$ cat query-v7.cif   # mmCIF, C-alpha atoms
data_upload
#
loop_
_atom_site.label_atom_id
_atom_site.label_comp_id
_atom_site.auth_asym_id
_atom_site.auth_seq_id
_atom_site.Cartn_x
_atom_site.Cartn_y
_atom_site.Cartn_z
CA MET A 1 -123.92 -33.31 21.95
CA LYS A 2 -124.08 -29.59 21.09
CA LYS A 3 -127.07 -29.18 23.40
CA LYS A 4 -125.14 -30.74 26.30
CA ILE A 5 -122.15 -28.47 25.64
CA GLY A 6 -124.44 -25.43 25.44
CA ALA A 7 -126.21 -26.38 28.68
CA GLY A 8 -122.88 -26.96 30.44
CA LEU A 9 -121.55 -23.60 29.21
CA TYR A 10 -124.71 -21.84 30.38
CA ILE A 11 -124.44 -23.39 33.85
CA ALA A 12 -120.75 -22.47 34.02
CA VAL A 13 -121.51 -18.83 33.12
CA CYS A 14 -124.28 -18.70 35.75
CA PHE A 15 -121.97 -20.09 38.44
CA LEU A 16 -119.25 -17.65 37.40
CA PHE A 17 -121.70 -14.75 37.57
CA PHE A 18 -122.95 -15.75 41.03
CA TYR A 19 -119.73 -16.81 42.72
CA LEU A 20 -116.98 -14.72 41.12
CA PRO A 21 -117.84 -11.61 43.24
CA ILE A 22 -117.63 -13.79 46.38
CA VAL A 23 -114.22 -15.13 45.36
CA VAL A 24 -112.97 -11.61 44.61
CA THR A 25 -114.25 -10.39 48.00
CA MET A 26 -112.45 -13.21 49.80
CA MET A 27 -109.25 -12.61 47.83
CA TYR A 28 -109.11 -8.88 48.56
CA SER A 29 -109.75 -9.48 52.25
CA PHE A 30 -106.09 -10.63 52.33
CA ASN A 31 -104.79 -7.60 50.44
CA SER A 32 -102.30 -5.46 52.34
CA SER A 33 -103.48 -2.33 50.54
CA LYS A 34 -106.74 -0.40 50.80
CA SER A 35 -107.12 -0.73 47.06
CA LEU A 36 -110.16 -2.69 45.93
CA THR A 37 -108.80 -3.10 42.39
CA LYS A 38 -105.06 -3.87 42.84
CA PHE A 39 -103.76 -6.77 44.92
CA GLU A 40 -100.35 -5.85 46.38
CA SER A 41 -99.38 -8.56 48.85
CA PHE A 42 -100.83 -11.11 51.27
CA SER A 43 -101.73 -9.70 54.69
CA LEU A 44 -104.03 -10.35 57.66
CA ARG A 45 -104.21 -6.63 58.37
CA TRP A 46 -107.95 -6.31 57.83
CA TYR A 47 -108.74 -9.33 59.97
CA GLU A 48 -106.76 -7.73 62.80
CA ASN A 49 -108.75 -4.52 62.31
CA LEU A 50 -111.94 -6.56 62.32
CA PHE A 51 -111.31 -8.29 65.65
CA THR A 52 -109.94 -5.14 67.31
CA SER A 53 -112.89 -2.97 66.24
CA SER A 54 -115.38 -2.72 69.10
CA ASP A 55 -118.09 -1.35 66.77
CA ILE A 56 -117.92 -4.35 64.44
CA MET A 57 -117.75 -6.89 67.27
CA ASN A 58 -120.77 -5.28 68.93
CA ALA A 59 -122.62 -5.39 65.60
CA VAL A 60 -121.81 -9.08 65.20
CA TRP A 61 -123.05 -9.76 68.73
CA VAL A 62 -126.28 -7.84 68.08
CA SER A 63 -126.90 -9.65 64.78
CA VAL A 64 -126.29 -13.13 66.20
CA SER A 65 -128.20 -12.59 69.45
CA ILE A 66 -131.15 -10.92 67.72
CA ALA A 67 -131.27 -13.67 65.10
CA ILE A 68 -131.21 -16.45 67.72
CA LEU A 69 -133.82 -14.84 69.99
CA ALA A 70 -136.09 -13.81 67.11
CA THR A 71 -135.85 -17.29 65.59
CA ALA A 72 -136.68 -19.00 68.89
CA ILE A 73 -139.64 -16.74 69.68
CA SER A 74 -141.04 -16.71 66.14
CA THR A 75 -140.68 -20.50 65.86
CA VAL A 76 -142.75 -21.04 69.01
CA LEU A 77 -145.37 -18.47 67.97
CA GLY A 78 -145.52 -19.66 64.37
CA THR A 79 -145.72 -23.36 65.25
CA VAL A 80 -148.49 -22.86 67.82
CA THR A 81 -150.39 -20.65 65.38
CA ALA A 82 -150.04 -23.19 62.56
CA ILE A 83 -151.33 -26.01 64.79
CA GLY A 84 -154.26 -23.85 65.90
CA LEU A 85 -155.04 -22.89 62.30
CA SER A 86 -155.14 -26.54 61.23
CA LYS A 87 -157.96 -27.13 63.75
CA SER A 88 -159.88 -23.90 63.08
CA ARG A 89 -162.97 -23.32 61.00
CA ARG A 90 -162.44 -22.75 57.29
CA VAL A 91 -163.55 -19.09 57.26
CA LEU A 92 -161.31 -18.13 60.19
CA LYS A 93 -158.47 -20.13 58.69
CA GLU A 94 -158.62 -18.33 55.34
CA ILE A 95 -158.83 -14.91 56.98
CA ILE A 96 -155.78 -15.50 59.18
CA ILE A 97 -153.75 -17.01 56.33
CA ASN A 98 -154.48 -14.02 54.10
CA VAL A 99 -153.55 -11.63 56.93
CA ASN A 100 -150.36 -13.65 57.51
CA ASN A 101 -149.39 -13.24 53.84
CA ILE A 102 -149.48 -9.43 54.06
CA PRO A 103 -146.12 -9.00 55.91
CA ILE A 104 -144.48 -11.47 53.51
CA MET A 105 -145.66 -9.66 50.39
CA ASN A 106 -145.35 -6.18 51.88
CA PRO A 107 -142.22 -4.19 50.85
CA ASP A 108 -139.67 -3.98 53.65
CA ILE A 109 -139.65 -0.19 53.56
CA VAL A 110 -143.40 -0.06 54.24
CA THR A 111 -143.08 -2.51 57.13
CA ALA A 112 -140.12 -0.55 58.49
CA ILE A 113 -141.93 2.78 58.43
CA GLY A 114 -145.02 1.22 60.01
CA LEU A 115 -143.00 -0.28 62.86
CA MET A 116 -141.07 2.95 63.35
CA ILE A 117 -144.32 4.92 63.65
CA LEU A 118 -145.71 2.29 66.04
CA PHE A 119 -142.71 2.48 68.36
CA SER A 120 -142.68 6.27 68.20
CA SER A 121 -146.39 6.48 69.04
CA LEU A 122 -145.84 4.14 72.00
CA LYS A 123 -142.88 6.36 73.03
CA MET A 124 -140.52 3.39 73.12
CA ASP A 125 -136.80 4.11 73.06
CA LYS A 126 -135.51 2.62 69.84
CA GLY A 127 -132.69 0.15 70.32
CA TYR A 128 -132.12 -3.53 70.98
CA ILE A 129 -135.65 -4.32 72.23
CA THR A 130 -137.43 -2.58 69.36
CA MET A 131 -135.17 -4.36 66.85
CA LEU A 132 -135.95 -7.72 68.48
CA ILE A 133 -139.71 -7.05 68.43
CA ALA A 134 -139.53 -6.01 64.78
CA HIS A 135 -137.59 -9.14 63.82
CA VAL A 136 -140.05 -11.39 65.63
CA ALA A 137 -142.89 -9.58 63.83
CA PHE A 138 -141.57 -10.21 60.32
CA CYS A 139 -140.09 -13.69 60.99
CA THR A 140 -143.24 -15.26 62.48
CA PRO A 141 -145.25 -15.23 59.21
CA TYR A 142 -142.49 -17.21 57.49
CA VAL A 143 -142.60 -19.85 60.22
CA ILE A 144 -146.39 -20.10 59.93
CA THR A 145 -146.10 -20.49 56.16
CA SER A 146 -143.51 -23.29 56.59
CA VAL A 147 -145.28 -25.24 59.35
CA TYR A 148 -148.93 -24.88 58.34
CA PRO A 149 -148.86 -27.25 55.31
CA LYS A 150 -147.45 -30.00 57.55
CA ALA A 151 -150.02 -29.29 60.27
CA ARG A 152 -152.86 -29.28 57.75
CA GLY A 153 -151.85 -32.70 56.41
CA MET A 154 -151.55 -34.25 59.86
CA ASP A 155 -154.22 -36.68 61.11
CA PRO A 156 -156.17 -34.75 63.81
CA ASN A 157 -156.99 -37.98 65.66
CA LEU A 158 -153.38 -38.78 66.53
CA ALA A 159 -153.26 -36.41 69.51
CA ASN A 160 -156.59 -37.73 70.80
CA ALA A 161 -155.33 -41.29 70.43
CA ALA A 162 -152.18 -40.44 72.39
CA MET A 163 -154.24 -38.92 75.21
CA ASP A 164 -156.55 -41.94 75.21
CA LEU A 165 -153.45 -44.09 75.78
CA GLY A 166 -152.52 -42.05 78.84
CA ALA A 167 -150.46 -39.15 77.50
CA THR A 168 -151.01 -35.66 78.87
CA PRO A 169 -151.82 -32.85 76.41
CA PHE A 170 -148.23 -31.59 76.72
CA GLN A 171 -146.84 -35.07 76.04
CA ALA A 172 -149.14 -35.44 73.04
CA LEU A 173 -147.82 -32.12 71.74
CA THR A 174 -144.12 -32.84 72.28
CA LYS A 175 -144.04 -36.58 71.46
CA VAL A 176 -146.67 -36.87 68.72
CA ILE A 177 -147.50 -33.56 67.06
CA LEU A 178 -144.12 -31.79 67.01
CA PRO A 179 -142.16 -34.79 65.62
CA MET A 180 -144.61 -34.95 62.73
CA LEU A 181 -144.10 -31.24 62.06
CA ARG A 182 -140.32 -31.50 62.37
CA GLU A 183 -139.46 -30.82 58.72
CA GLY A 184 -141.72 -27.76 58.53
CA ILE A 185 -140.32 -26.45 61.82
CA TYR A 186 -136.73 -26.88 60.60
CA ALA A 187 -137.56 -25.01 57.41
CA GLY A 188 -139.18 -22.23 59.45
CA ILE A 189 -136.13 -21.98 61.72
CA LEU A 190 -133.75 -21.64 58.77
CA LEU A 191 -135.97 -19.04 57.09
CA ALA A 192 -136.42 -17.02 60.27
CA PHE A 193 -132.72 -17.02 61.13
CA THR A 194 -131.71 -16.08 57.59
CA MET A 195 -134.28 -13.28 57.35
CA SER A 196 -133.29 -11.87 60.73
CA PHE A 197 -129.53 -12.11 60.27
CA ASP A 198 -129.68 -10.60 56.77
CA ASP A 199 -132.15 -7.78 57.47
CA PHE A 200 -131.12 -4.18 56.87
CA VAL A 201 -134.09 -1.98 55.95
CA ILE A 202 -136.35 -2.76 58.92
CA SER A 203 -133.43 -2.83 61.36
CA TYR A 204 -132.23 0.55 60.13
CA PHE A 205 -135.57 2.21 60.84
CA VAL A 206 -136.32 0.66 64.24
CA THR A 207 -132.91 0.88 65.92
CA GLY A 208 -131.22 3.69 67.81
CA ASN A 209 -129.01 4.52 70.79
CA GLY A 210 -125.93 3.24 68.97
CA VAL A 211 -127.32 -0.29 68.42
CA SER A 212 -126.33 -1.64 65.00
CA ASN A 213 -126.30 -5.05 63.39
CA ILE A 214 -123.91 -6.30 60.72
CA SER A 215 -125.99 -4.96 57.83
CA ILE A 216 -126.10 -1.46 59.28
CA ILE A 217 -122.40 -1.38 60.15
CA VAL A 218 -121.49 -2.59 56.64
CA TYR A 219 -123.73 0.09 55.12
CA ASN A 220 -121.97 2.74 57.18
CA MET A 221 -118.56 1.36 56.21
CA THR A 222 -119.34 1.47 52.48
CA LYS A 223 -119.48 5.26 52.63
CA ARG A 224 -115.66 5.16 52.62
CA THR A 225 -113.12 2.65 51.35
CA ASN A 226 -112.67 0.09 54.12
CA PRO A 227 -111.47 -3.42 53.19
CA THR A 228 -112.47 -4.62 56.68
CA ILE A 229 -115.83 -5.23 55.00
CA ASN A 230 -114.17 -7.89 52.88
CA ALA A 231 -112.76 -9.62 55.96
CA LEU A 232 -116.15 -9.56 57.69
CA SER A 233 -117.89 -10.85 54.55
CA THR A 234 -115.34 -13.64 54.18
CA LEU A 235 -115.95 -14.87 57.73
CA VAL A 236 -119.71 -14.78 57.22
CA ILE A 237 -119.36 -16.76 53.98
CA LEU A 238 -117.11 -19.27 55.75
CA VAL A 239 -119.66 -19.79 58.53
CA ILE A 240 -122.44 -20.27 55.98
CA VAL A 241 -120.40 -22.81 53.97
CA ILE A 242 -119.52 -24.80 57.10
CA THR A 243 -123.16 -24.77 58.22
CA LEU A 244 -124.37 -25.98 54.82
CA ILE A 245 -121.78 -28.77 54.82
CA LEU A 246 -122.81 -29.91 58.29
CA VAL A 247 -126.52 -29.72 57.49
CA ASN A 248 -126.09 -31.81 54.33
CA VAL A 249 -123.29 -34.20 55.32
CA ILE A 250 -124.39 -35.22 58.83
CA PRO A 251 -127.86 -36.49 57.74
CA MET A 252 -126.18 -38.37 54.87
CA ILE A 253 -123.78 -40.09 57.30
CA LEU A 254 -126.65 -40.95 59.65
CA ARG A 255 -128.67 -42.42 56.76
CA LYS A 256 -125.71 -44.55 55.69
CA LYS A 257 -125.24 -45.81 59.25
CA GLN A 258 -128.94 -46.63 59.54
CA GLY A 259 -128.81 -48.41 56.18
CA ALA A 260 -125.76 -50.42 57.22
CA THR A 261 -127.43 -51.31 60.52
CA SER A 262 -130.63 -52.43 58.81
CA LEU A 263 -128.60 -54.51 56.32
CA SER A 264 -126.68 -56.22 59.12
CA ILE A 265 -129.93 -56.95 60.97
CA ASN A 266 -131.49 -58.39 57.83
CA GLU A 267 -128.36 -60.47 57.22
CA ASN A 268 -128.43 -61.82 60.77
CA ASN A 269 -132.11 -62.66 60.45
CA ARG A 270 -131.43 -64.48 57.17
CA ILE A 271 -128.62 -66.53 58.77
CA LEU A 272 -130.85 -67.46 61.72
CA GLN A 273 -133.63 -68.55 59.37
CA GLU A 274 -131.21 -70.70 57.38
CA GLU A 275 -129.90 -72.30 60.60
CA GLU A 276 -133.45 -73.05 61.74
CA MET A 277 -134.22 -74.69 58.40
CA LEU A 278 -131.16 -76.90 58.75
#

$ encode --input "query-v7.cif" --output "structure tokens"
Amino acid sequence: MKKKIGAGLYIAVCFLFFYLPIVVTMMYSFNSSKSLTKFESFSLRWYENLFTSSDIMNAVWVSVSIAILATAISTVLGTVTAIGLSKSRRVLKEIIINVNNIPIMNPDIVTAIGLMILFSSLKMDKGYITMLIAHVAFCTPYVITSVYPKARGMDPNLANAAMDLGATPFQALTKVILPMLREGIYAGILLAFTMSFDDFVISYFVTGNGVSNISIIVYNMTKRTNPTINALSTLVILVIVITLILVNVIPMILRKKQGATSLSINENNRILQEEEML
């Protein structure tokens, strides 16, 4: 009994430690005052400032668009690479996997400086395009890492069997291979989007010409007291919570519907069998 109480208390303290700062941030986003320690009265002042600030809205647009484009490109590159690796020779496979692990294990600051030097040596104007290229570069390894285990465990004869039955190589890819890699691809998409949307260090070093994402604009806002950060953070948290609910609840509802459908089919089959016996 004491162990259960101790474990429950420990979990409660951990949850309090993790989520109390988020609750405080959300609460002070409705504070009418600039104070970050004293709540005066309820107000939507900082949300009005948020939506009327062109700098913040542009940063939100850059973050979302970069994250979507980088996720789409890195998912295609990473999935194709993972499928190719699963059919490659062992030596080549091990070399590429070890090379792929370098950007994941490499500190962000080192990657950022390397990309900055690369773009400078190529005399590329730093801005939206350089940020997109950088995000694709560091997101692709995560997609490869997510998809490759699924591709490695897949039966290599399935695609050949599909083509023997009349499918084109593209149809074999889209209707046989990709559905079997679906879970790994979904995991890669979530990782890539999260890494891109949340990135600060690499984005800070490879951007320019007034292009900023949310992380950079928040960093610049923290140099002075600006509760608009709280409003922006609250909206981001709200979007994340809604997304998590949809991702977890919708599959649960679909599984229940499928289970109910299968039960009704089994029940109908049982009734038909009983009628035939009579």

$ residues_around --input "query-v7.cif" --residues "range 208-212 of chain A" --least-positions-apart "6" --cutoff "12 Å" --atoms "all atoms listed in the file" --output "ChimeraX atom specification"
/A:54-66,116,119-120,124-132,197,199-202,218-220

$ closest_residue --input "query-v7.cif" --among "A:Leu69, A:Leu44, A:Val249, A:Ala151" --to "Tyr28 in chain A" --atoms "all atoms listed in the file"
A:Leu44

$ residues_around --input "query-v7.cif" --residues "Asn31 in chain A" --least-positions-apart "5" --cutoff "10 Å" --atoms "all atoms listed in the file" --output "list in words"
Met26, Leu36, Lys38, Phe39, Glu40, Ser41, Phe42, Ser43, Leu44, Arg45, Trp46, Pro227, Asn230 and Ala231 of chain A

$ write_last_selection --input "query-v7.cif" --atoms "C-alpha atoms" --output "JSON list (two decimals), in the coordinates of the input"
[["chain", "number", "residue", "atom", "x", "y", "z"],
["A", 26, "MET", "CA", -112.45, -13.21, 49.80],
["A", 36, "LEU", "CA", -110.16, -2.69, 45.93],
["A", 38, "LYS", "CA", -105.06, -3.87, 42.84],
["A", 39, "PHE", "CA", -103.76, -6.77, 44.92],
["A", 40, "GLU", "CA", -100.35, -5.85, 46.38],
["A", 41, "SER", "CA", -99.38, -8.56, 48.85],
["A", 42, "PHE", "CA", -100.83, -11.11, 51.27],
["A", 43, "SER", "CA", -101.73, -9.70, 54.69],
["A", 44, "LEU", "CA", -104.03, -10.35, 57.66],
["A", 45, "ARG", "CA", -104.21, -6.63, 58.37],
["A", 46, "TRP", "CA", -107.95, -6.31, 57.83],
["A", 227, "PRO", "CA", -111.47, -3.42, 53.19],
["A", 230, "ASN", "CA", -114.17, -7.89, 52.88],
["A", 231, "ALA", "CA", -112.76, -9.62, 55.96]]

$ closest_residue --input "query-v7.cif" --among "A:Thr234, A:Ser86, A:Thr222, A:Thr111" --to "Val206 in chain A" --atoms "all atoms listed in the file"
A:Thr111

$ residues_around --input "query-v7.cif" --residues "Val76 in chain A" --least-positions-apart "6" --cutoff "12 Å" --atoms "all atoms listed in the file" --output "VMD selection string"
chain A and resid 69 to 70 82 to 83 136 139 to 141 143 to 144 147 178 185 to 186 188 to 189 192

$ axis_aligned_box --input "query-v7.cif" --around "range 162-180 of chain A" --padding-each-side "4 Å" --output "lines of an AutoDock Vina configuration file"
center_x = -149.4
center_y = -37.8
center_z = 70.8
size_x = 22.4
size_y = 20.5
size_z = 24.1

$ closest_residue --input "query-v7.cif" --among "A:Leu173, A:Val24, A:Cys14, A:Leu232" --to "Glu48 in chain A" --atoms "only C-alpha atoms"
A:Leu232

$ residues_around --input "query-v7.cif" --residues "Arg152 in chain A" --least-positions-apart "5" --cutoff "12 Å" --atoms "only C-alpha atoms" --output "list in words"
Thr79, Thr81, Ala82, Ile83, Gly84, Leu85, Ser86, Lys87, Ser88, Arg90, Lys93, Ile144, Thr145, Ser146, Val147, Ile177, Met180, Leu181 and Gly184 of chain A

$ atom_distance --input "query-v7.cif" --atom1 "CA of Ser215 in chain A" --atom2 "CA of Ser233 in chain A"
10.5 Å

$ atom_distance --input "query-v7.cif" --atom1 "CA of Glu183 in chain A" --atom2 "CA of Pro107 in chain A"
27.9 Å

$ closest_residue --input "query-v7.cif" --among "A:Ile245, A:Gln171, A:Ile96, A:Ile229" --to "Leu50 in chain A" --atoms "all atoms listed in the file"
A:Ile229

$ resolve_selection --input "query-v7.cif" --expression "the PyMOL selection byres ((chain A and resi 103) around 10)" --output "number ranges by chain"
A: 98-102, 104-108, 110-111, 137-142

$ closest_residue --input "query-v7.cif" --among "A:Phe193, A:Val176, A:Thr168, A:Ser29" --to "Pro156 in chain A" --atoms "all atoms listed in the file"
A:Val176

$ atom_distance --input "query-v7.cif" --atom1 "CA of Phe205 in chain A" --atom2 "CA of Ile113 in chain A"
6.8 Å
